[in-house]
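Enquirer: Next comes coords15.cif, mmCIF, C-alpha atoms:
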data_model
loop_
_atom_site.label_atom_id
_atom_site.label_comp_id
_atom_site.auth_asym_id
_atom_site.auth_seq_id
_atom_site.Cartn_x
_atom_site.Cartn_y
_atom_site.Cartn_z
CA LEU A 1 -12.21 -18.02 -15.72
CA THR A 2 -13.13 -16.46 -19.06
CA ALA A 3 -11.75 -16.36 -22.58
CA GLU A 4 -10.22 -13.00 -21.73
CA SER A 5 -8.52 -14.24 -18.57
CA LEU A 6 -7.02 -17.18 -20.45
CA ARG A 7 -5.76 -14.96 -23.26
CA SER A 8 -3.97 -12.89 -20.62
CA TRP A 9 -2.34 -16.11 -19.34
CA PRO A 10 -1.09 -17.67 -22.60
CA LEU A 11 0.14 -21.23 -22.83
CA PRO A 12 3.78 -21.86 -23.71
CA ALA A 13 4.50 -21.64 -27.45
CA PRO A 14 3.96 -25.05 -29.08
CA GLY A 15 7.41 -25.29 -30.65
CA ASP A 16 8.34 -26.69 -34.02
CA ASN A 17 8.13 -30.46 -33.44
CA LYS A 18 6.75 -33.19 -31.21
CA GLU A 19 9.78 -33.17 -28.91
CA ALA A 20 9.19 -29.50 -28.10
CA ARG A 21 5.59 -30.21 -27.00
CA GLY A 22 6.49 -32.86 -24.47
CA ARG A 23 5.96 -36.54 -23.77
CA THR A 24 2.97 -37.65 -21.71
CA LEU A 25 2.64 -41.01 -19.96
CA VAL A 26 -0.90 -42.20 -19.21
CA VAL A 27 -1.12 -45.03 -16.66
CA GLY A 28 -4.58 -46.45 -16.14
CA GLY A 29 -7.35 -48.76 -17.15
CA THR A 30 -8.08 -52.37 -16.28
CA ALA A 31 -8.93 -55.41 -18.35
CA HIS A 32 -12.52 -54.11 -18.30
CA THR A 33 -12.01 -50.34 -18.78
CA PRO A 34 -9.62 -49.71 -21.68
CA GLY A 35 -11.81 -46.92 -23.00
CA ALA A 36 -10.81 -44.59 -20.19
CA VAL A 37 -7.17 -44.44 -21.18
CA LEU A 38 -8.13 -44.22 -24.85
CA LEU A 39 -10.18 -41.10 -24.08
CA ALA A 40 -7.49 -39.62 -21.86
CA GLY A 41 -4.72 -40.36 -24.36
CA GLU A 42 -6.57 -38.83 -27.30
CA ALA A 43 -7.25 -35.71 -25.20
CA VAL A 44 -3.53 -35.44 -24.40
CA LEU A 45 -2.76 -35.19 -28.11
CA ARG A 46 -5.73 -32.95 -28.94
CA ALA A 47 -4.46 -30.53 -26.28
CA GLY A 48 -1.25 -30.25 -28.27
CA ALA A 49 1.21 -32.55 -26.51
CA GLY A 50 3.77 -34.07 -28.83
CA LYS A 51 4.26 -37.70 -27.80
CA LEU A 52 2.02 -40.18 -26.00
CA GLN A 53 2.77 -43.36 -24.08
CA ILE A 54 0.07 -45.50 -22.51
CA ALA A 55 0.75 -48.15 -19.87
CA THR A 56 -2.27 -50.36 -19.23
CA ALA A 57 -3.49 -53.85 -18.41
CA ALA A 58 -1.86 -56.46 -20.63
CA ALA A 59 -5.17 -58.02 -21.67
CA VAL A 60 -6.26 -54.88 -23.53
CA SER A 61 -2.94 -53.38 -24.58
CA ALA A 62 -2.85 -54.83 -28.11
CA ALA A 63 -6.35 -53.63 -28.96
CA LEU A 64 -5.57 -50.22 -27.49
CA ALA A 65 -2.41 -49.94 -29.57
CA VAL A 66 -4.52 -50.36 -32.70
CA ALA A 67 -7.21 -47.96 -31.46
CA VAL A 68 -4.62 -45.25 -30.66
CA PRO A 69 -1.93 -45.68 -33.34
CA GLU A 70 -0.30 -42.41 -32.29
CA ALA A 71 0.72 -43.93 -28.94
CA GLN A 72 3.33 -46.35 -27.72
CA VAL A 73 1.30 -48.82 -25.64
CA VAL A 74 3.05 -50.93 -23.00
CA PRO A 75 1.35 -53.99 -21.43
CA LEU A 76 1.46 -54.25 -17.64
CA PRO A 77 0.93 -57.34 -15.44
CA MET A 78 -2.53 -57.80 -13.96
CA ASP A 79 -3.99 -59.31 -10.82
CA ASP A 80 -6.74 -61.92 -10.94
CA ASP A 81 -9.43 -59.24 -11.25
CA GLY A 82 -7.85 -57.49 -14.24
CA ASN A 83 -6.37 -54.55 -12.29
CA ILE A 84 -2.80 -53.42 -12.94
CA ASP A 85 -0.66 -55.33 -10.47
CA ALA A 86 1.66 -53.54 -8.07
CA ALA A 87 4.52 -55.48 -9.69
CA ALA A 88 4.17 -53.09 -12.63
CA ALA A 89 5.66 -50.25 -10.58
CA GLU A 90 9.23 -50.65 -11.86
CA THR A 91 8.14 -50.54 -15.51
CA ILE A 92 6.01 -47.47 -14.85
CA LEU A 93 8.86 -45.65 -13.12
CA VAL A 94 11.26 -46.33 -16.00
CA MET A 95 8.72 -44.90 -18.46
CA ALA A 96 7.92 -41.96 -16.20
CA ASP A 97 11.57 -40.99 -15.98
CA ARG A 98 11.44 -40.00 -19.68
CA ALA A 99 8.07 -38.22 -19.49
CA ASP A 100 7.32 -34.52 -19.14
CA ALA A 101 3.99 -35.28 -17.45
CA VAL A 102 2.40 -38.40 -15.98
CA LEU A 103 -1.33 -39.09 -15.64
CA VAL A 104 -2.49 -41.89 -13.34
CA GLY A 105 -5.94 -43.06 -12.36
CA SER A 106 -8.13 -42.90 -15.46
CA GLY A 107 -10.02 -46.17 -15.72
CA PHE A 108 -8.98 -47.49 -12.32
CA THR A 109 -12.03 -48.97 -10.60
CA SER A 110 -10.97 -50.42 -7.24
CA PRO A 111 -9.30 -48.40 -4.46
CA ASP A 112 -7.27 -51.19 -2.84
CA PRO A 113 -5.25 -52.32 -5.89
CA THR A 114 -4.92 -48.68 -6.94
CA VAL A 115 -3.36 -47.74 -3.61
CA ALA A 116 -1.12 -50.81 -3.64
CA LEU A 117 0.25 -49.77 -7.05
CA LEU A 118 0.59 -46.06 -6.37
CA GLU A 119 2.33 -46.65 -3.04
CA ARG A 120 5.15 -48.17 -5.06
CA VAL A 121 5.13 -45.52 -7.78
CA ILE A 122 4.36 -42.05 -6.45
CA PRO A 123 6.98 -41.79 -3.67
CA GLN A 124 9.68 -42.46 -6.29
CA LEU A 125 8.14 -40.24 -8.96
CA HIS A 126 9.68 -36.84 -9.61
CA ARG A 127 7.83 -35.73 -12.75
CA PRO A 128 4.80 -33.41 -12.97
CA LEU A 129 1.81 -35.57 -12.09
CA VAL A 130 -1.94 -35.59 -12.68
CA ILE A 131 -4.04 -37.87 -10.47
CA ASP A 132 -7.53 -38.59 -11.73
CA ALA A 133 -10.62 -40.26 -10.33
CA VAL A 134 -9.99 -43.42 -8.25
CA GLY A 135 -6.28 -42.56 -8.23
CA SER A 136 -7.24 -40.12 -5.45
CA ALA A 137 -7.60 -43.11 -3.11
CA TYR A 138 -3.83 -42.78 -2.67
CA LEU A 139 -4.42 -39.35 -1.07
CA THR A 140 -7.09 -40.76 1.24
CA THR A 141 -4.43 -43.03 2.71
CA HIS A 142 -1.43 -40.70 2.27
CA ARG A 143 -2.74 -37.13 2.54
CA GLN A 144 0.80 -35.69 2.34
CA GLY A 145 2.03 -38.20 -0.22
CA LEU A 146 2.58 -35.59 -2.93
CA LEU A 147 4.61 -33.05 -0.97
CA HIS A 148 7.89 -34.29 -2.48
CA LEU A 149 6.68 -33.01 -5.86
CA ASP A 150 6.86 -29.40 -4.62
CA GLY A 151 3.52 -28.36 -6.07
CA ARG A 152 3.96 -30.10 -9.44
CA ALA A 153 0.83 -32.23 -8.99
CA ILE A 154 -2.79 -31.76 -10.04
CA LEU A 155 -5.86 -33.61 -8.79
CA THR A 156 -8.77 -33.79 -11.26
CA LEU A 157 -11.71 -34.91 -9.14
CA ASN A 158 -15.49 -34.85 -9.11
CA PRO A 159 -17.53 -34.05 -5.97
CA SER A 160 -17.80 -37.66 -4.79
CA GLU A 161 -14.05 -38.16 -5.16
CA VAL A 162 -13.34 -35.00 -3.16
CA THR A 163 -15.77 -36.26 -0.53
CA GLN A 164 -14.01 -39.61 -0.25
CA THR A 165 -10.52 -38.12 -0.29
CA LEU A 166 -11.31 -35.74 2.56
CA GLY A 167 -13.35 -38.29 4.50
CA LEU A 168 -16.45 -36.08 4.54
CA GLU A 169 -20.15 -36.54 3.84
CA ASP A 170 -21.61 -35.61 0.46
CA GLU A 171 -23.67 -32.86 2.10
CA GLN A 172 -20.57 -31.18 3.54
CA VAL A 173 -18.89 -30.87 0.15
CA ALA A 174 -22.13 -29.77 -1.53
CA ALA A 175 -22.55 -27.03 1.09
CA ASP A 176 -19.03 -25.64 0.71
CA PRO A 177 -17.33 -26.81 -2.51
CA VAL A 178 -14.92 -23.86 -2.54
CA GLY A 179 -13.81 -24.43 1.04
CA CYS A 180 -13.39 -28.17 0.54
CA THR A 181 -11.40 -27.67 -2.67
CA ARG A 182 -9.13 -25.18 -0.93
CA ARG A 183 -8.69 -27.51 2.02
CA LEU A 184 -7.66 -30.41 -0.20
CA ALA A 185 -5.20 -28.23 -2.12
CA THR A 186 -3.62 -26.98 1.10
CA GLU A 187 -3.38 -30.39 2.75
CA SER A 188 -2.12 -32.26 -0.32
CA GLY A 189 0.19 -29.56 -1.68
CA ALA A 190 -1.40 -30.10 -5.11
CA VAL A 191 -3.54 -28.00 -7.43
CA VAL A 192 -7.12 -29.29 -7.31
CA LEU A 193 -9.51 -29.13 -10.25
CA PHE A 194 -12.97 -29.78 -8.81
CA GLY A 195 -15.51 -30.59 -11.49
CA GLY A 196 -19.20 -30.46 -10.69
CA ALA A 197 -21.99 -28.26 -12.02
CA GLY A 198 -19.27 -25.62 -12.24
CA LYS A 199 -15.52 -25.91 -11.93
CA ILE A 200 -13.25 -24.74 -9.14
CA VAL A 201 -9.46 -24.66 -9.27
CA ALA A 202 -7.53 -24.17 -6.03
CA ALA A 203 -3.76 -23.91 -5.68
CA PRO A 204 -1.83 -24.74 -2.50
CA ASP A 205 -0.74 -21.10 -2.20
CA GLY A 206 -4.34 -19.94 -1.84
CA ARG A 207 -5.09 -18.84 -5.40
CA LEU A 208 -8.60 -19.70 -6.54
CA TRP A 209 -10.45 -19.69 -9.85
CA GLU A 210 -14.05 -20.52 -10.70
CA SER A 211 -15.69 -21.33 -14.02
CA SER A 212 -19.29 -21.69 -15.13
CA ALA A 213 -18.37 -23.16 -18.52
CA GLY A 214 -19.91 -26.52 -19.31
CA GLY A 215 -23.43 -27.87 -19.19
CA PRO A 216 -25.39 -31.05 -18.42
CA GLY A 217 -24.06 -32.86 -21.47
CA LEU A 218 -20.64 -33.15 -19.84
CA GLY A 219 -22.18 -35.38 -17.18
CA ILE A 220 -21.46 -38.54 -19.16
CA SER A 221 -19.23 -41.58 -18.79
CA GLY A 222 -15.69 -40.80 -19.88
CA SER A 223 -16.00 -37.02 -19.65
CA GLY A 224 -13.67 -36.85 -16.64
CA ASP A 225 -11.08 -38.97 -18.42
CA VAL A 226 -11.06 -36.46 -21.27
CA GLN A 227 -10.61 -33.55 -18.88
CA ALA A 228 -7.71 -35.29 -17.12
CA GLY A 229 -6.05 -35.93 -20.48
CA ILE A 230 -6.40 -32.28 -21.48
CA VAL A 231 -4.76 -31.18 -18.23
CA ALA A 232 -1.92 -33.70 -18.59
CA GLY A 233 -1.29 -32.69 -22.21
CA LEU A 234 -1.04 -29.01 -21.27
CA LEU A 235 1.27 -29.89 -18.39
CA ALA A 236 3.53 -31.79 -20.79
CA ARG A 237 3.58 -28.77 -23.11
CA GLY A 238 5.14 -26.76 -20.30
CA ALA A 239 2.19 -25.09 -18.59
CA GLU A 240 2.66 -24.69 -14.85
CA PRO A 241 0.20 -26.79 -12.77
CA ALA A 242 -2.33 -24.08 -11.91
CA GLN A 243 -2.33 -22.89 -15.53
CA ALA A 244 -2.79 -26.42 -16.87
CA ALA A 245 -5.71 -27.00 -14.49
CA CYS A 246 -7.39 -23.67 -15.32
CA TRP A 247 -6.95 -23.99 -19.07
CA GLY A 248 -7.86 -27.69 -19.00
CA GLY A 249 -11.04 -27.19 -17.01
CA GLN A 250 -12.14 -24.24 -19.12
CA LEU A 251 -11.38 -25.98 -22.43
CA HIS A 252 -13.37 -28.99 -21.28
CA GLY A 253 -16.32 -26.78 -20.37
CA LEU A 254 -16.18 -24.75 -23.58
CA ALA A 255 -16.05 -27.96 -25.63
CA GLY A 256 -19.22 -29.11 -23.89
CA GLU A 257 -20.93 -25.84 -24.72
CA GLN A 258 -19.86 -26.10 -28.36
CA LEU A 259 -21.20 -29.64 -28.67
CA ALA A 260 -24.45 -28.61 -26.98
CA ARG A 261 -24.98 -25.90 -29.60
CA GLN A 262 -24.22 -28.31 -32.43
CA GLN A 263 -26.01 -31.44 -31.23
CA GLY A 264 -28.25 -30.57 -28.29
CA PRO A 265 -27.69 -30.10 -24.56
CA VAL A 266 -27.33 -33.83 -23.84
CA GLY A 267 -26.54 -36.91 -25.86
CA PHE A 268 -23.11 -36.14 -27.28
CA LEU A 269 -20.31 -38.58 -26.48
CA ALA A 270 -17.22 -38.15 -24.35
CA ARG A 271 -15.07 -39.12 -27.34
CA GLU A 272 -16.36 -36.03 -29.17
CA ILE A 273 -15.20 -33.55 -26.53
CA SER A 274 -11.54 -33.60 -27.43
CA THR A 275 -12.25 -33.07 -31.14
CA CYS A 276 -13.25 -29.50 -30.26
CA LEU A 277 -9.92 -28.66 -28.63
CA PRO A 278 -7.74 -27.61 -31.59
CA GLY A 279 -10.32 -25.09 -32.76
CA LEU A 280 -10.86 -23.76 -29.24
CA LEU A 281 -7.13 -23.28 -28.78
CA VAL A 282 -7.05 -21.21 -31.95
CA ARG A 283 -10.03 -19.13 -30.77
CA LEU A 284 -8.26 -18.47 -27.49
CA GLY A 285 -5.18 -17.21 -29.29
CA THR A 286 -2.91 -20.20 -28.93
CA THR A 287 -2.25 -23.54 -30.66
#
For this file, produce the structure as structure tokens.
Expert:
Amino acid sequence: LTAESLRSWPLPAPGDNKEARGRTLVVGGTAHTPGAVLLAGEAVLRAGAGKLQIATAAAVSAALAVAVPEAQVVPLPMDDDGNIDAAAAETILVMADRADAVLVGSGFTSPDPTVALLERVIPQLHRPLVIDAVGSAYLTTHRQGLLHLDGRAILTLNPSEVTQTLGLEDEQVAADPVGCTRRLATESGAVVLFGGAGKIVAAPDGRLWESSAGGPGLGISGSGDVQAGIVAGLLARGAEPAQAACWGGQLHGLAGEQLARQQGPVGFLAREISTCLPGLLVRLGTT
């Protein structure tokens, strides 16, 4: 992936208003991790999506609504540990039915309650979907649980999450990241954006892209949430899944390089990554 290859694969035109750029629903967070959905939601909008909805744990929803005034924030019931309860599934599905893209997983911390919730949501979901981070625990249990989406799903995962989803050892993924990414894409029927020292994007049909954009500064808490939000925002704008993953991964990496030049190779914050996106989109010949 390069600037030239992206320019030859332009994003859909942004349109004249917020309706034309799509509605994104972000489902995530717990009573203890509201920052993850804040970062993901801001990245959705910085990537050019038009409307944002956030569904998160009730205990933090009011504060999040103030922190992200551009979003409609909906409180969801919680279990005793502050995770979103599986009883929230019906509310999520009603919101998802009006969305152009759905992001789940950012800020989830525990696999068991995550799987319990997603087992009640994903089989009934028919919108383009991004699964991030601990949301991949659903795939560990239901490897073919996304096939009904006919390729309209993207997994944004780091090496440890790919390892856990495939049931492998860390050394196996480290030795063959391309092969493992391809395997997960084929088995799940989803596009996989693998983010490590470099980025790999694999599509279920065998297409593969690699990127060296990025740097050590992107290895910081919240960075993955930003990347997932970028991908979801591009998906809502009308990009097809492989395009959204390629553009999203590359934009995330280029933003890290820009911040490294401005501030130093490490020490910038995840919340600063998405502020680079509008300018990068202009540089790459789109808005």
Enquirer: Using the chain letters and numbers from the file, give me the residues hit by the PyMOL selection byres ((chain A and resi 271-285) around 10), as a PyMOL selection string.
Expert: chain A and resi 2-8+10-11+35-36+38-40+42-48+218+221-223+225-227+229-230+247-248+251-259+268-270+286-287
Enquirer: Starting from 5 Å padding per side, set up an axis-aligned box that covers all listed atoms of stretch 140-158 of chain A and hand over centre and edge lengths in Å, one decimal, as lines of an AutoDock Vina configuration file.
Expert:
center_x = -3.8
center_y = -35.7
center_z = -4.3
size_x = 33.4
size_y = 24.7
size_z = 24.0
Enquirer: Which of these, A:Val231, A:Ala239, A:Ile200, A:Ile220, has the shortest distance to A:Gly267 once you count all atoms listed in the file?
Expert: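 Distance minimum relative to A:Gly267 lands on A:Ile220.
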Enquirer: One decimal, Å: what's the distance from atom CA of A:Glu119 over to atom CA of A:Leu147, could you say?
Expert: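 Separation between atom CA of A:Glu119 and atom CA of A:Leu147: 13.9 Å.
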Enquirer: Using only C-alpha atoms, which of A:Pro265, A:Pro77, A:Gly233, A:Pro177 sits nearest A:Gly219?
Expert: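 With only C-alpha atoms as the atom set, the closest residue is A:Pro265.
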Enquirer: Choose the residue, out of A:Asn83, A:Gln172, A:Gln250, A:Gln53, that has the smallest atom-to-atom separation from A:Pro34; count only C-alpha atoms.
Expert: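 Closest to A:Pro34 of all the choices is A:Asn83.
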